[in-house]
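entry_6.txt, holding compact mmCIF, C-alpha atoms:
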# COMPACT_ATOMS: atom_id res chain seq x y z
CA MET V 1 -17.93 -7.50 -23.06
CA ILE V 2 -17.93 -9.24 -19.68
CA LYS V 3 -20.35 -6.77 -18.07
CA ASP V 4 -22.98 -7.68 -20.68
CA LEU V 5 -22.86 -11.45 -20.14
CA GLN V 6 -26.11 -13.11 -19.08
CA LEU V 7 -26.98 -16.61 -17.92
CA GLY V 8 -26.86 -19.05 -20.82
CA ASN V 9 -24.77 -16.79 -23.07
CA SER V 10 -21.95 -18.23 -25.11
CA MET V 11 -18.82 -16.10 -25.20
CA GLU V 12 -15.78 -15.90 -27.43
CA GLN V 13 -13.44 -12.96 -26.90
CA PRO V 14 -9.99 -11.99 -25.65
CA CYS V 15 -9.78 -12.00 -21.85
CA LEU V 16 -7.10 -11.42 -19.28
CA VAL V 17 -6.83 -14.66 -17.33
CA ARG V 18 -5.93 -14.65 -13.64
CA LEU V 19 -5.34 -18.21 -12.49
CA GLN V 20 -6.28 -18.97 -8.90
CA LYS V 21 -5.97 -22.73 -8.68
CA VAL V 22 -5.33 -25.92 -10.63
CA GLY V 23 -6.58 -28.94 -8.71
CA THR V 24 -8.33 -32.28 -8.81
CA SER V 25 -12.07 -32.65 -8.18
CA SER V 26 -13.68 -35.34 -6.04
CA ASN V 27 -14.18 -37.56 -9.09
CA GLY V 28 -10.47 -37.45 -9.85
CA LYS V 29 -10.66 -35.08 -12.82
CA PRO V 30 -8.40 -32.00 -13.06
CA TYR V 31 -9.83 -28.49 -13.09
CA ALA V 32 -8.61 -24.91 -13.24
CA LYS V 33 -10.36 -21.85 -11.86
CA GLY V 34 -9.75 -18.12 -11.66
CA LEU V 35 -10.98 -14.85 -13.12
CA LEU V 36 -11.58 -13.58 -16.65
CA GLU V 37 -11.27 -9.81 -17.10
CA ASP V 38 -11.70 -7.09 -19.69
CA ASN V 39 -12.02 -3.35 -19.17
CA SER V 40 -15.74 -3.69 -18.41
CA GLY V 41 -15.40 -6.06 -15.46
CA SER V 42 -14.51 -9.57 -14.34
CA ILE V 43 -16.20 -12.94 -13.96
CA PRO V 44 -15.06 -16.22 -12.34
CA PHE V 45 -14.26 -19.15 -14.59
CA ILE V 46 -13.83 -22.87 -14.22
CA CYS V 47 -12.37 -25.26 -16.76
CA PHE V 48 -12.43 -29.06 -16.98
CA GLU V 49 -10.83 -29.39 -20.43
CA LYS V 50 -7.44 -31.11 -20.48
CA GLY V 51 -5.83 -28.90 -23.16
CA PRO V 52 -6.64 -25.51 -21.61
CA ILE V 53 -5.74 -26.78 -18.13
CA GLY V 54 -2.33 -27.85 -19.44
CA ARG V 55 -1.71 -24.37 -20.83
CA LEU V 56 -2.81 -22.70 -17.61
CA ARG V 57 -0.99 -24.97 -15.19
CA ASN V 58 2.25 -22.96 -15.10
CA LEU V 59 0.69 -19.50 -15.47
CA GLU V 60 2.49 -17.29 -12.93
CA GLN V 61 0.94 -13.91 -13.73
CA PRO V 62 -2.11 -12.62 -15.62
CA ALA V 63 -1.97 -13.28 -19.36
CA PRO V 64 -4.25 -12.68 -22.36
CA TYR V 65 -6.01 -15.57 -24.12
CA LEU V 66 -8.89 -16.02 -26.53
CA ILE V 67 -11.62 -17.62 -24.43
CA GLY V 68 -14.57 -19.67 -25.58
CA GLY V 69 -17.17 -20.85 -23.10
CA LYS V 70 -20.66 -20.61 -21.66
CA VAL V 71 -22.13 -18.61 -18.76
CA GLU V 72 -23.65 -20.81 -16.08
CA LEU V 73 -24.65 -20.50 -12.43
CA ASN V 74 -21.94 -21.32 -9.94
CA LYS V 75 -23.67 -23.98 -7.87
CA TYR V 76 -21.23 -23.46 -5.00
CA SER V 77 -21.93 -19.72 -4.73
CA THR V 78 -24.23 -18.50 -1.94
CA THR V 79 -25.22 -15.46 -4.05
CA MET V 80 -26.24 -17.31 -7.25
CA ALA V 81 -23.26 -15.76 -9.04
CA TYR V 82 -22.41 -16.48 -12.65
CA GLN V 83 -19.27 -18.17 -13.89
CA VAL V 84 -17.88 -19.04 -17.31
CA VAL V 85 -17.31 -22.71 -18.03
CA VAL V 86 -14.29 -22.46 -20.31
CA GLN V 87 -14.24 -24.87 -23.23
CA LYS V 88 -11.58 -23.26 -25.44
CA LEU V 89 -8.44 -21.32 -24.56
CA THR V 90 -6.01 -20.26 -27.28
CA GLY V 91 -3.11 -17.86 -27.45
CA VAL V 92 -3.48 -14.37 -28.90
CA GLY V 93 -1.63 -13.09 -31.95
CA PRO V 94 -0.53 -9.67 -33.19
CA GLU V 95 -3.75 -9.38 -35.20
CA ASP V 96 -5.93 -9.61 -32.07
CA ASP V 97 -7.15 -6.33 -30.57
CA LEU V 98 -6.29 -6.43 -26.87
CA SER V 99 -7.24 -2.82 -26.10
CA ILE V 100 -10.36 -4.04 -24.26
CA LEU V 101 -8.09 -5.70 -21.71
CA LEU V 102 -6.60 -2.47 -20.34
CA PRO V 103 -8.84 -1.08 -17.57
CA SER V 104 -9.86 2.51 -18.16
CA SER V 105 -11.82 5.13 -16.24
CA SER V 106 -14.21 7.96 -17.02
CA VAL V 107 -11.86 10.39 -15.23
CA ASP V 108 -10.71 13.39 -17.30
CA LEU V 109 -6.97 12.68 -17.32
CA GLY V 110 -6.23 15.89 -19.23
CA ALA V 111 -7.74 17.91 -16.38
CA CYS V 112 -5.75 15.82 -13.89
CA GLU V 113 -2.51 16.61 -15.72
CA GLU V 114 -3.31 20.34 -15.71
CA LEU V 115 -4.00 20.20 -11.97
CA PHE V 116 -0.71 18.35 -11.42
CA HIS V 117 1.23 21.20 -13.10
CA THR V 118 -0.76 23.75 -11.10
CA PHE V 119 0.36 22.11 -7.87
CA VAL V 120 4.00 22.00 -8.97
CA GLY V 121 3.77 25.70 -9.85
CA ARG V 122 2.49 26.52 -6.35
CA VAL V 123 5.68 25.25 -4.71
CA GLN V 124 7.73 28.30 -3.72
CA ASP V 125 10.67 26.50 -2.11
CA GLU V 126 13.34 26.40 -4.84
CA GLY V 127 14.86 23.10 -3.73
CA LEU V 128 11.54 21.26 -3.57
CA ARG V 129 10.41 22.72 -6.89
CA LYS V 130 13.65 21.66 -8.61
CA LEU V 131 13.31 18.19 -7.11
CA LEU V 132 9.77 17.82 -8.49
CA GLN V 133 10.86 19.04 -11.91
CA ALA V 134 13.82 16.65 -11.94
CA ILE V 135 11.81 13.58 -10.97
CA PHE V 136 8.72 14.26 -13.06
CA SER V 137 10.55 14.35 -16.38
CA GLY V 138 11.45 12.08 -19.28
CA ARG V 139 10.40 8.44 -19.09
CA THR V 140 9.37 8.74 -15.43
CA TYR V 141 6.82 11.40 -16.35
CA GLN V 142 5.44 9.25 -19.19
CA LEU V 143 5.02 6.31 -16.82
CA PHE V 144 3.39 8.65 -14.29
CA LEU V 145 0.76 9.72 -16.84
CA ARG V 146 -0.09 6.17 -17.94
CA ASN V 147 0.51 3.69 -15.12
CA PRO V 148 -2.04 2.50 -12.53
CA ALA V 149 -1.76 3.25 -8.81
CA GLY V 150 -2.69 -0.31 -7.91
CA MET V 151 -2.75 -3.79 -9.35
CA ARG V 152 -6.42 -4.40 -8.51
CA LEU V 153 -7.57 -2.70 -5.31
CA HIS V 154 -7.65 1.03 -6.08
CA HIS V 155 -7.01 3.25 -9.10
CA ALA V 156 -6.17 0.10 -11.08
CA TYR V 157 -6.63 1.60 -14.53
CA VAL V 158 -4.67 3.50 -17.16
CA GLY V 159 -3.86 6.92 -15.69
CA GLY V 160 -4.72 5.76 -12.17
CA MET V 161 -1.40 6.95 -10.78
CA LEU V 162 -1.94 10.48 -12.08
CA HIS V 163 -5.54 10.54 -10.87
CA HIS V 164 -4.70 9.24 -7.39
CA THR V 165 -1.72 11.59 -6.99
CA VAL V 166 -3.61 14.80 -7.80
CA SER V 167 -6.60 13.68 -5.72
CA VAL V 168 -4.41 13.01 -2.68
CA THR V 169 -2.67 16.37 -3.15
CA LYS V 170 -5.99 18.20 -3.43
CA LEU V 171 -7.28 16.56 -0.24
CA ALA V 172 -4.04 17.17 1.66
CA VAL V 173 -3.93 20.85 0.69
CA ALA V 174 -7.59 21.36 1.65
CA MET V 175 -7.06 19.73 5.06
CA GLY V 176 -3.82 21.67 5.54
CA SER V 177 -5.65 24.97 4.92
CA ALA V 178 -8.29 24.00 7.48
CA VAL V 179 -5.72 22.93 10.08
CA GLY V 180 -3.29 25.81 9.60
CA GLY V 181 0.36 26.04 10.57
CA VAL V 182 1.40 23.70 7.74
CA ASP V 183 4.41 23.94 5.40
CA GLN V 184 2.39 23.97 2.18
CA ASP V 185 5.43 23.48 -0.09
CA LEU V 186 6.48 20.39 1.84
CA LEU V 187 2.89 19.13 1.94
CA ILE V 188 2.43 19.46 -1.84
CA ALA V 189 5.81 17.88 -2.61
CA GLY V 190 5.13 14.99 -0.24
CA ALA V 191 1.68 14.36 -1.66
CA LEU V 192 2.90 14.47 -5.27
CA LEU V 193 5.76 12.07 -4.51
CA HIS V 194 4.19 9.75 -1.94
CA ASP V 195 3.55 6.87 -4.38
CA ILE V 196 6.28 7.58 -6.95
CA GLY V 197 7.90 4.19 -6.24
CA LYS V 198 4.83 2.43 -7.66
CA LEU V 199 6.05 3.30 -11.16
CA TRP V 200 8.68 0.59 -10.63
CA GLU V 201 6.70 -1.64 -8.28
CA ILE V 202 3.72 -2.25 -10.59
CA SER V 203 4.10 -2.73 -14.34
CA GLY V 204 1.82 -0.94 -16.79
CA ASP V 205 1.67 -4.13 -18.89
CA LEU V 206 -1.52 -6.19 -19.26
CA GLY V 207 -2.74 -7.28 -15.85
CA PHE V 208 -0.58 -4.70 -14.06
CA PRO V 209 1.72 -7.39 -12.60
CA TYR V 210 4.22 -6.69 -9.85
CA THR V 211 7.80 -6.34 -11.03
CA THR V 212 10.73 -8.25 -9.55
CA GLU V 213 12.07 -4.97 -8.13
CA GLY V 214 8.65 -4.23 -6.66
CA ARG V 215 8.42 -7.60 -4.94
CA PHE V 216 11.94 -7.29 -3.53
CA LEU V 217 11.76 -3.68 -2.32
CA GLY V 218 8.18 -2.33 -2.36
CA HIS V 219 7.13 1.12 -3.52
CA ILE V 220 7.85 2.93 -0.25
CA ALA V 221 11.54 1.96 -0.31
CA ILE V 222 11.87 2.48 -4.07
CA GLY V 223 10.32 5.95 -3.84
CA ALA V 224 12.37 7.03 -0.84
CA MET V 225 15.62 5.90 -2.51
CA LEU V 226 14.73 7.78 -5.71
CA VAL V 227 13.91 10.99 -3.83
CA ASP V 228 17.02 10.74 -1.65
CA ARG V 229 19.27 10.03 -4.64
CA THR V 230 17.86 12.87 -6.73
CA SER V 231 17.73 15.41 -3.91
CA ARG V 232 21.45 15.04 -3.17
CA HIS V 233 22.16 16.69 -6.53
CA ILE V 234 20.05 19.73 -5.67
CA PRO V 235 22.08 22.05 -3.40
CA GLU V 236 19.08 24.33 -2.83
CA LEU V 237 17.29 21.52 -0.98
CA THR V 238 18.42 21.68 2.65
CA ILE V 239 19.12 18.56 4.70
CA PRO V 240 16.24 19.23 7.18
CA LYS V 241 13.79 19.70 4.28
CA ARG V 242 15.01 16.54 2.57
CA GLN V 243 14.62 14.55 5.78
CA GLN V 244 11.09 15.85 6.38
CA LEU V 245 10.11 15.03 2.80
CA LEU V 246 11.52 11.51 3.10
CA HIS V 247 9.61 11.12 6.37
CA ILE V 248 6.33 11.80 4.52
CA LEU V 249 7.10 9.09 1.96
CA LEU V 250 8.28 6.57 4.54
CA SER V 251 5.29 7.07 6.86
CA HIS V 252 2.43 7.50 4.37
CA HIS V 253 0.87 4.10 5.15
CA GLY V 254 0.49 5.32 8.71
CA GLU V 255 1.43 2.27 10.76
CA HIS V 256 4.17 -0.37 10.85
CA GLU V 257 1.49 -3.04 10.40
CA LYS V 258 0.45 -1.43 7.10
CA GLY V 259 3.97 -1.35 5.71
CA SER V 260 5.35 1.99 6.87
CA PRO V 261 8.96 1.78 8.12
CA VAL V 262 8.20 4.73 10.42
CA VAL V 263 5.00 6.25 11.81
CA CYS V 264 3.81 9.81 11.15
CA THR V 265 5.35 12.44 13.41
CA THR V 266 4.68 15.74 11.57
CA LYS V 267 1.53 17.57 10.49
CA GLU V 268 2.47 17.17 6.85
CA ALA V 269 3.04 13.42 7.21
CA PHE V 270 -0.32 12.89 8.93
CA LEU V 271 -2.13 14.96 6.30
CA VAL V 272 -0.64 12.99 3.38
CA HIS V 273 -1.35 9.69 5.13
CA TYR V 274 -5.02 10.48 5.74
CA ALA V 275 -5.48 12.03 2.30
CA ASP V 276 -4.04 8.86 0.76
CA GLU V 277 -6.33 6.66 2.81
CA VAL V 278 -9.48 8.70 2.12
CA ASP V 279 -8.83 8.84 -1.62
CA SER V 280 -8.19 5.09 -1.81
CA ILE V 281 -11.50 4.43 -0.04
CA MET V 282 -13.52 6.93 -2.11
CA ASN V 283 -12.18 5.32 -5.28
CA GLN V 284 -14.02 2.14 -4.31
CA PHE V 285 -17.31 3.98 -4.78
CA GLN V 286 -16.22 5.51 -8.07
CA GLU V 287 -15.51 2.08 -9.54
CA LYS V 288 -18.87 0.54 -8.54
CA GLN V 289 -21.01 0.02 -11.62
CA THR V 290 -24.47 -0.06 -10.04
CA LYS V 291 -26.20 2.74 -8.12
CA ASN V 292 -28.46 2.18 -5.08
CA HIS V 293 -26.93 -1.25 -4.64
CA TRP V 294 -24.95 -3.19 -2.05
CA GLU V 295 -21.70 -4.67 -3.32
CA TYR V 296 -18.91 -6.49 -1.49
CA ASP V 297 -15.58 -4.65 -1.59
CA LYS V 298 -12.45 -6.81 -1.38
CA MET V 299 -10.10 -3.99 -0.35
CA LEU V 300 -12.25 -2.89 2.59
CA GLN V 301 -13.63 -6.38 3.31
CA ARG V 302 -17.21 -5.20 3.74
CA PHE V 303 -20.36 -4.47 1.76
CA LEU V 304 -20.62 -0.89 0.47
CA TYR V 305 -23.78 0.94 -0.56
CA ASN V 306 -23.31 3.08 -3.66
CA ALA V 307 -26.11 5.66 -3.59
Please re-express this file's structure in C-alpha cells.
Amino acid sequence: MIKDLQLGNSMEQPCLVRLQKVGTSSNGKPYAKGLLEDNSGSIPFICFEKGPIGRLRNLEQPAPYLIGGKVELNKYSTTMAYQVVVQKLTGVGPEDDLSILLPSSSVDLGACEELFHTFVGRVQDEGLRKLLQAIFSGRTYQLFLRNPAGMRLHHAYVGGMLHHTVSVTKLAVAMGSAVGGVDQDLLIAGALLHDIGKLWEISGDLGFPYTTEGRFLGHIAIGAMLVDRTSRHIPELTIPKRQQLLHILLSHHGEHEKGSPVVCTTKEAFLVHYADEVDSIMNQFQEKQTKNHWEYDKMLQRFLYNA
C-alpha cells in the first residue's frame, strides 16, 4: 500500500496513474512524471525508462497499471518528500485485483442512507416530495449511493456523494432552525438535490474522471435541467416553488466567480450554499491521515492543522 512506503523500499503493485507531464530533461533524455494512487494515498513518480514513457505519452485520463519501482528522495522537493522512480509499467488484466484503487472512507454509508430517507420523509409539500421520489429512483439512486462528490478535492471516494448530500442537508436544517422563518421543505429538497448533476459530471469509474457531458455542461446546469424536466411532470409542484428550488441549485456555489449562474437571493439558497461550503471544508480534516500535524491542502491552498 502506498501509505506504507518508506525510503529505499521497492514496490510492485497496481496503481492508478495520473500523468502530469512528459518532457525532456536538461541532458536531452525524456521523462514522465505524475502521481501514483491507491485507496491508502498517493505519491509522486518520475520515470526515465523509454518503454513506460511511450505507454504514458498519450494518457489523457487516470488509468490503472502494474507499477514496479523504488522509493527515493525527490531532490527537487523543499520538504524532502518521497517519490517513486518507476522502472516497470505494464497493463492490468482481468485477473488483477483493482479494488485497492477505489478510494474508500470510514464513514458509515448505511447510516447515511437511513438519514437520507429520513430527510425525504420530513418533506410535507406533496410536489417536492414527489419530485424527490421521482429523481432518487432506479439507476440514478444507485449512482447516488456509490458515486463520489468530487474527482479529488472533497468527498472523492465511493459513497462520497451520499455522504456529502446528507451532511449538507443536516447542516442546512440545523442553521435553518436557528435562523427561523425558513421553508423547511424547500430547504431540505434544495440541499438533497444541490449536487445531483455530479452523477453525470463525474464518472464513478477508476480515477473518477470527468465525463464529456460534465465538461460541456457542468453539474449545476445538468442538475437544474434534470430538476426542471422532472418537475414539469408533477402537477402538485407549483411554478413559484419550482423556481425557488431551481434558484437554490443554480446559486449554490454562491458567486459568479465560483461558477454560479446566479447569486443567492433567498434564505434557503444562502443556507444551502454555506452548508455546502462548510461541509466541503470540514471534509478536508476528515481525510487527513495524521493527527497533531500540519499538512498542505490543495483545495484550500493553505496548511491545515489536524488536531
> Within 9 Å of Leu226 in chain V, counting all atoms listed in the file, which residues qualify if same-chain residues fewer than 6 places away don't, as a list in words?
Replying inline: Ile135, Ile196 and Gly197 of chain V
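Computed from the coordinates, the CA of Asp96 in chain V to CA of Leu73 in chain V distance equals 29.2 Å.
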Residues proximal to (-5.0, -9.5, -21.0) were defined as those with any atom within 7 Å of that point in the file's coordinates, counting all atoms listed in the file. Which are they, as a CSV table (one decimal) with C-alpha atoms, keeping the file's coordinate frame?
chain,number,residue,atom,x,y,z
V,15,CYS,CA,-9.8,-12.0,-21.8
V,16,LEU,CA,-7.1,-11.4,-19.3
V,17,VAL,CA,-6.8,-14.7,-17.3
V,62,PRO,CA,-2.1,-12.6,-15.6
V,63,ALA,CA,-2.0,-13.3,-19.4
V,64,PRO,CA,-4.2,-12.7,-22.4
V,65,TYR,CA,-6.0,-15.6,-24.1
V,98,LEU,CA,-6.3,-6.4,-26.9
V,101,LEU,CA,-8.1,-5.7,-21.7
V,206,LEU,CA,-1.5,-6.2,-19.3
V,207,GLY,CA,-2.7,-7.3,-15.8
> Residues at most 12 Å from Thr212 in chain V, counting only C-alpha atoms, excluding those fewer than 4 positions away in the same chain, as a VMD selection string?
Replying inline: chain V and resid 200 to 203 216 to 219
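By only C-alpha atoms, and with residues fewer than 2 positions from range 110-127 of chain V along its chain excluded, the set lying at most 9 Å from it is Val107, Asp108, Arg129, Lys130, Leu131, Leu132, Gln133, Leu145, Leu162, His163, Thr165, Val166, Ser167, Thr169, Lys170, Gln184, Asp185, Leu186, Ile188, Ala189, Leu192, Ser231, Ile234, Pro235, Glu236, Leu237, Thr238 and Lys241 of chain V.
Residue neighbourhood of Gln6 in chain V, excluding near-sequence residues (fewer than 3 positions): Met1, Ile2, Lys3, Asn9, Ser10, Met11, Ile43, Lys70, Val71, Glu72, Leu73, Ala81, Tyr82, Gln83 and Val84 of chain V, at 12 Å, using only C-alpha atoms.
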> What gap, in Å, lies between CA of Pro103 in chain V and CA of Ser40 in chain V?
Replying inline: 7.4 Å
>> Please determine, counting all atoms listed in the file, which residue among V:Leu304, V:Ala191, V:Ile100, V:Met282 has the shortest atom-to-atom distance to Leu250 in chain V.
In response: V:Ala191
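Shortest separation to Gly150 in chain V among V:Ile248, V:Met225, V:Ile239, V:Leu199 occurs at residue V:Leu199, atoms counted being all atoms listed in the file.
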> Separation of CA of Thr90 in chain V and CA of Val22 in chain V, in Å?
Replying inline: 17.6 Å
